[in-house]
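Everything on this sheet refers to the single structure shown next.
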Amino acid sequence: MKKIHLPCLRGNFGDWVYYSTVIPIRDIVQNKRIITVSESGDLYTKNINEILQREVDTSRISKIKDYLLKNTERFFSSLILAIHQGDPEWAEFNIERQFRIDNKLVDETDVKFIEMKLGVLTLSGSEELFVLDGQHRLLGIRKAFHENEDIGNDEISVIIVIHNKLKRERTRRLFTVLNRYAEKVKEAEKIILEEDDAAAILTRRLIQEHPIFLKDNAIASTKQFNLPSTDFTHFTTLVCIYQVSQTLIDYKTLYKNKVIVRPNDVVLENLRLYINNFWKIFFDLFPETVNFIENRRDTNLESFNRNRETGGSLLLRPEGQKLFAEVYQEFLDSGRLEFFKENVIKINFDLNSVYWKYVFWDGFKILSGNKKLKKAIFRYLLGENNSKKIVSEEMKGVYKKYNLEYQDEIQPV
């Protein structure tokens, strides 16, 4: 990639040093000198980037392309870029001390300030520049240039900040701030961007570090809580893992004043170990879930899957995983974790079984709602007799909708 020299203003905002300049579209697009965050791979890992890529709105890109190609009065706000790697160089202008404006000498202090702020930023071509704010504009620019290279001489205003690979959190926080107010942030995107919410921080760490969640079939790229009805291969979703983390974290204690402020590193590490332990217990109790993720299906466990015919296992559904976490936390809080572990493996989690049919599964699709009843059934299966009345009364109503009579089919394991 060729070396370019950019006339710049250098400024300070908070603890950021930034450079404001213009770059011709040709230099932006050719050889992809400027790329998106997901194309960089430096802020996040592959599975996070796949979700970010799904956030790209192709209709917006086409509208931007048409705007650039069809309007002579076109104009954009500045792209904000992060730069790292390579060897960018900054050279200040040396202004002659006898500096005049309107034939009047400029004060020495002002001259010194101007000298410090004016200069040239030289990019050797070995740097990587990725866009923190303006992803859709960048992709629209690329598309427009590929259709008509005449716009290559247009100059786009850009603001460049220095990205330190050792301080990814700092750049991610800036990415969050810049994108938070542009459009309503979707939940999956918020989880990726958020740097203060402990559940979001630890969810990212979990799926970027945990050996099971790093596997290809572990996390679907959907931005929804539930898996798509056509997805029979992935274990769970980013949003589900986040909500499980929320279930396990005591938010009332962590954020006593209800203001979400990033916990210190010691607190985060303790919470990380706590959440990791939950998933260790889950995978240890149900190793067939790991086999499912690794696409190693035991012939003796052919029913342990997710399908259209019987629904498969509740443990392979995000709603089931979240319910499991909720009941797990209740038993842990009451000091009965060992009892929970000994008995939960006795439960039949087949969605077509009498325990879950007509509550989670109607024979064709997953049923939403009835959350109180679903949890009561789970508790009752584990011997919580105070849930018996709720189960008995509610199930009579559920069965009646299907012209059936409930006769206490659900009993503790």
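Just so we're on the same page: first chain in the structure tokens is A, next is B, and so on; residues restart at 1 for each chain, and ligands are numbered from 1 in the order they show up.
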| said: I'd like the contact shell of Arg308 (chain A) - 9 Å cut-off, only C-alpha atoms, skipping same-chain residues fewer than 3 positions apart - returned as a ChimeraX atom specification. | reply: /A:229-230,311-312,363-365
Only N, CA and C atoms, please: the residues just picked out, written as a PDB file, in the first residue's frame.
```pdb
ATOM      1  N   SER A 229     -35.796 -21.000  13.810  1.00  0.00           N
ATOM      2  CA  SER A 229     -36.506 -22.279  13.732  1.00  0.00           C
ATOM      3  C   SER A 229     -35.836 -23.258  12.779  1.00  0.00           C
ATOM      4  N   THR A 230     -34.991 -22.725  11.892  1.00  0.00           N
ATOM      5  CA  THR A 230     -34.307 -23.582  10.912  1.00  0.00           C
ATOM      6  C   THR A 230     -32.906 -24.004  11.370  1.00  0.00           C
ATOM      7  N   GLY A 311     -39.275 -31.725  18.852  1.00  0.00           N
ATOM      8  CA  GLY A 311     -38.704 -30.574  19.553  1.00  0.00           C
ATOM      9  C   GLY A 311     -37.312 -30.841  20.074  1.00  0.00           C
ATOM     10  N   GLY A 312     -37.013 -32.136  20.354  1.00  0.00           N
ATOM     11  CA  GLY A 312     -35.700 -32.467  20.897  1.00  0.00           C
ATOM     12  C   GLY A 312     -35.588 -32.137  22.369  1.00  0.00           C
ATOM     13  N   GLY A 363     -46.182 -29.705  19.996  1.00  0.00           N
ATOM     14  CA  GLY A 363     -46.126 -30.752  18.985  1.00  0.00           C
ATOM     15  C   GLY A 363     -45.623 -30.260  17.647  1.00  0.00           C
ATOM     16  N   PHE A 364     -45.563 -28.917  17.512  1.00  0.00           N
ATOM     17  CA  PHE A 364     -45.102 -28.325  16.253  1.00  0.00           C
ATOM     18  C   PHE A 364     -44.087 -27.206  16.462  1.00  0.00           C
ATOM     19  N   LYS A 365     -44.226 -26.487  17.565  1.00  0.00           N
ATOM     20  CA  LYS A 365     -43.366 -25.325  17.788  1.00  0.00           C
ATOM     21  C   LYS A 365     -43.189 -25.070  19.281  1.00  0.00           C
TER      22      LYS A 365
END
```
| field | Secondary structure check, helix (DSSP H, G or I) residues of region 162-275 of chain A, as a PyMOL selection string | value | chain A and resi 165-180+187-193+198-209+238-248+251-254+265-275
| Residue set, region 141-195 of chain A restricted to strand (DSSP E or B), as a list in words |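 After running DSSP on the backbone, region 141-195 of chain A has strand (DSSP E or B) at Glu155, Ile156, Ser157, Val158, Ile159, Ile160, Val161 and Ile162 of chain A.
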Could you name the residues that touch region 145-154 of chain A at 7 Å or less, counting only C-alpha atoms, but leaving out those on the same chain fewer than 3 positions away, as a PDB file with N, CA and C atoms, in the first residue's frame?
```pdb
ATOM      1  N   PRO A  24      -8.754  11.267   0.130  1.00  0.00           N
ATOM      2  CA  PRO A  24      -9.526  11.000  -1.090  1.00  0.00           C
ATOM      3  C   PRO A  24     -10.176   9.623  -1.038  1.00  0.00           C
ATOM      4  N   ILE A  25     -11.387   9.519  -1.579  1.00  0.00           N
ATOM      5  CA  ILE A  25     -12.099   8.240  -1.591  1.00  0.00           C
ATOM      6  C   ILE A  25     -11.245   7.145  -2.213  1.00  0.00           C
ATOM      7  N   ARG A  26     -10.494   7.495  -3.244  1.00  0.00           N
ATOM      8  CA  ARG A  26      -9.665   6.501  -3.918  1.00  0.00           C
ATOM      9  C   ARG A  26      -8.702   5.827  -2.926  1.00  0.00           C
ATOM     10  N   ILE A 141     -19.449   3.872   0.511  1.00  0.00           N
ATOM     11  CA  ILE A 141     -18.389   4.500  -0.299  1.00  0.00           C
ATOM     12  C   ILE A 141     -17.727   3.458  -1.193  1.00  0.00           C
ATOM     13  N   ARG A 142     -17.415   2.305  -0.610  1.00  0.00           N
ATOM     14  CA  ARG A 142     -16.791   1.237  -1.401  1.00  0.00           C
ATOM     15  C   ARG A 142     -17.669   0.849  -2.594  1.00  0.00           C
TER      16      ARG A 142
END
```
What lies within 9 Å of Ser124 (chain A) using only C-alpha atoms, ignoring chain neighbours under 6 positions off, as a tab-separated table (two decimals) with N, CA, C and O atoms, in the first residue's frame?
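out24.tsv, written as the output of this step:
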```
chain	number	residue	atom	x	y	z
A	1	MET	N	0.84	-1.19	0.00
A	1	MET	CA	0.00	0.00	0.00
A	1	MET	C	0.89	1.25	0.00
A	1	MET	O	1.86	1.31	0.75
A	2	LYS	N	0.54	2.23	-0.82
A	2	LYS	CA	1.42	3.38	-0.98
A	2	LYS	C	1.44	4.28	0.25
A	2	LYS	O	0.49	4.33	1.03
A	3	LYS	N	2.54	5.00	0.40
A	3	LYS	CA	2.68	5.98	1.48
A	3	LYS	C	1.85	7.22	1.12
A	3	LYS	O	1.83	7.65	-0.03
A	4	ILE	N	1.16	7.79	2.12
A	4	ILE	CA	0.41	9.04	1.88
A	4	ILE	C	0.74	10.03	2.99
A	4	ILE	O	1.03	9.65	4.13
A	5	HIS	N	0.70	11.31	2.63
A	5	HIS	CA	0.95	12.40	3.57
A	5	HIS	C	-0.34	13.18	3.74
A	5	HIS	O	-0.91	13.67	2.76
A	86	GLY	N	2.11	-0.64	11.99
A	86	GLY	CA	2.85	0.24	11.09
A	86	GLY	C	3.67	1.28	11.84
A	86	GLY	O	3.99	1.13	13.01
A	87	ASP	N	3.96	2.36	11.13
A	87	ASP	CA	4.82	3.40	11.71
A	87	ASP	C	4.36	4.79	11.28
A	87	ASP	O	5.04	5.49	10.52
A	88	PRO	N	3.17	5.24	11.74
A	88	PRO	CA	2.72	6.58	11.37
A	88	PRO	C	3.63	7.65	11.98
A	88	PRO	O	4.12	7.49	13.10
A	89	GLU	N	3.84	8.70	11.24
A	89	GLU	CA	4.74	9.77	11.70
A	89	GLU	C	4.02	11.11	11.68
A	89	GLU	O	3.28	11.41	10.74
```
| message | If I take CA of Gly397 (chain A) and CA of Leu351 (chain A), how far is one from the other in Å, to one decimal? | response | 18.9 Å
| task | Name the residues in contact with Phe324 (chain A) at a cut-off of 10 Å, using only C-alpha atoms, excluding same-chain residues fewer than 4 positions from it; report them as a ChimeraX atom specification. | result | /A:244,282,314-315,318-320,328-329,344,375,378
Let me see the file: selected residues, N, CA, C and O atoms, as a PDB file, in the first residue's frame.
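New file again-v4.pdb:
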```
ATOM      1  N   VAL A 244     -28.371 -15.502  30.953  1.00  0.00           N
ATOM      2  CA  VAL A 244     -27.953 -16.465  31.979  1.00  0.00           C
ATOM      3  C   VAL A 244     -26.981 -15.793  32.946  1.00  0.00           C
ATOM      4  O   VAL A 244     -27.091 -15.947  34.172  1.00  0.00           O
ATOM      5  N   PHE A 282     -22.926 -27.435  34.374  1.00  0.00           N
ATOM      6  CA  PHE A 282     -23.902 -27.764  33.331  1.00  0.00           C
ATOM      7  C   PHE A 282     -23.329 -28.796  32.364  1.00  0.00           C
ATOM      8  O   PHE A 282     -23.951 -29.829  32.075  1.00  0.00           O
ATOM      9  N   LEU A 314     -34.943 -29.912  25.765  1.00  0.00           N
ATOM     10  CA  LEU A 314     -35.099 -28.556  26.308  1.00  0.00           C
ATOM     11  C   LEU A 314     -33.744 -27.928  26.598  1.00  0.00           C
ATOM     12  O   LEU A 314     -33.584 -26.707  26.538  1.00  0.00           O
ATOM     13  N   LEU A 315     -32.740 -28.763  26.891  1.00  0.00           N
ATOM     14  CA  LEU A 315     -31.408 -28.246  27.202  1.00  0.00           C
ATOM     15  C   LEU A 315     -30.727 -27.629  25.981  1.00  0.00           C
ATOM     16  O   LEU A 315     -29.720 -26.936  26.124  1.00  0.00           O
ATOM     17  N   PRO A 318     -32.497 -22.088  24.147  1.00  0.00           N
ATOM     18  CA  PRO A 318     -32.112 -20.977  25.034  1.00  0.00           C
ATOM     19  C   PRO A 318     -33.057 -20.778  26.208  1.00  0.00           C
ATOM     20  O   PRO A 318     -32.606 -20.526  27.333  1.00  0.00           O
ATOM     21  N   GLU A 319     -34.380 -20.905  25.975  1.00  0.00           N
ATOM     22  CA  GLU A 319     -35.320 -20.712  27.082  1.00  0.00           C
ATOM     23  C   GLU A 319     -35.113 -21.775  28.159  1.00  0.00           C
ATOM     24  O   GLU A 319     -35.231 -21.493  29.356  1.00  0.00           O
ATOM     25  N   GLY A 320     -34.793 -23.003  27.738  1.00  0.00           N
ATOM     26  CA  GLY A 320     -34.523 -24.063  28.701  1.00  0.00           C
ATOM     27  C   GLY A 320     -33.237 -23.822  29.460  1.00  0.00           C
ATOM     28  O   GLY A 320     -33.142 -24.091  30.667  1.00  0.00           O
ATOM     29  N   TYR A 328     -31.179 -23.394  39.168  1.00  0.00           N
ATOM     30  CA  TYR A 328     -29.844 -23.661  39.738  1.00  0.00           C
ATOM     31  C   TYR A 328     -29.503 -22.597  40.786  1.00  0.00           C
ATOM     32  O   TYR A 328     -29.049 -22.925  41.893  1.00  0.00           O
ATOM     33  N   GLN A 329     -29.732 -21.331  40.456  1.00  0.00           N
ATOM     34  CA  GLN A 329     -29.381 -20.244  41.370  1.00  0.00           C
ATOM     35  C   GLN A 329     -30.210 -20.306  42.647  1.00  0.00           C
ATOM     36  O   GLN A 329     -29.698 -20.039  43.738  1.00  0.00           O
ATOM     37  N   VAL A 344     -31.175 -33.336  39.234  1.00  0.00           N
ATOM     38  CA  VAL A 344     -31.539 -32.718  37.963  1.00  0.00           C
ATOM     39  C   VAL A 344     -31.224 -33.646  36.789  1.00  0.00           C
ATOM     40  O   VAL A 344     -31.882 -33.597  35.745  1.00  0.00           O
ATOM     41  N   LYS A 375     -41.333 -22.720  35.522  1.00  0.00           N
ATOM     42  CA  LYS A 375     -40.419 -22.794  36.661  1.00  0.00           C
ATOM     43  C   LYS A 375     -40.999 -23.664  37.775  1.00  0.00           C
ATOM     44  O   LYS A 375     -40.269 -24.413  38.439  1.00  0.00           O
ATOM     45  N   PHE A 378     -40.378 -27.300  36.967  1.00  0.00           N
ATOM     46  CA  PHE A 378     -38.968 -27.643  37.210  1.00  0.00           C
ATOM     47  C   PHE A 378     -38.731 -27.841  38.712  1.00  0.00           C
ATOM     48  O   PHE A 378     -38.116 -28.831  39.139  1.00  0.00           O
TER      49      PHE A 378
END
```
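The space between CA of Leu227 (chain A) and CA of Phe286 (chain A) spans 20.0 Å.
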| task | List the neighbours of Ile293 (chain A) out to 9 Å using only C-alpha atoms; skip same-chain residues closer than 3 positions along the sequence, and give me the result as a ChimeraX atom specification. | result | /A:212-213,215-218,233-235,288-290,296
Write out, as a PDB file, in the first residue's frame, the residues just selected, with C-alpha atoms.
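Writing the result to result19.pdb gives the following:
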```pdb
ATOM      1  CA  ILE A 212     -16.444 -25.079  24.498  1.00  0.00           C
ATOM      2  CA  PHE A 213     -17.995 -21.757  23.520  1.00  0.00           C
ATOM      3  CA  LYS A 215     -16.293 -24.101  18.996  1.00  0.00           C
ATOM      4  CA  ASP A 216     -18.062 -23.413  15.710  1.00  0.00           C
ATOM      5  CA  ASN A 217     -21.457 -24.842  16.709  1.00  0.00           C
ATOM      6  CA  ALA A 218     -21.584 -23.239  20.149  1.00  0.00           C
ATOM      7  CA  THR A 233     -26.839 -27.244  14.763  1.00  0.00           C
ATOM      8  CA  HIS A 234     -26.006 -24.422  17.185  1.00  0.00           C
ATOM      9  CA  PHE A 235     -26.206 -24.808  20.952  1.00  0.00           C
ATOM     10  CA  GLU A 288     -24.250 -34.895  25.679  1.00  0.00           C
ATOM     11  CA  THR A 289     -24.523 -31.110  25.231  1.00  0.00           C
ATOM     12  CA  VAL A 290     -20.781 -30.978  24.558  1.00  0.00           C
ATOM     13  CA  ARG A 296     -20.209 -36.018  18.045  1.00  0.00           C
TER      14      ARG A 296
END
```
| query | Pick from A:His84, A:Lys256, A:Arg172, A:Lys280: nearest to Phe130 (chain A), with only C-alpha atoms counted? | reply |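 Counting only C-alpha atoms, the residue closest to Phe130 (chain A) is A:His84.
Among the candidates A:Ile347, A:Glu330, A:Ile275, A:Arg262, the residue lying nearest to His210 (chain A) is A:Ile275 (atoms considered: only C-alpha atoms).
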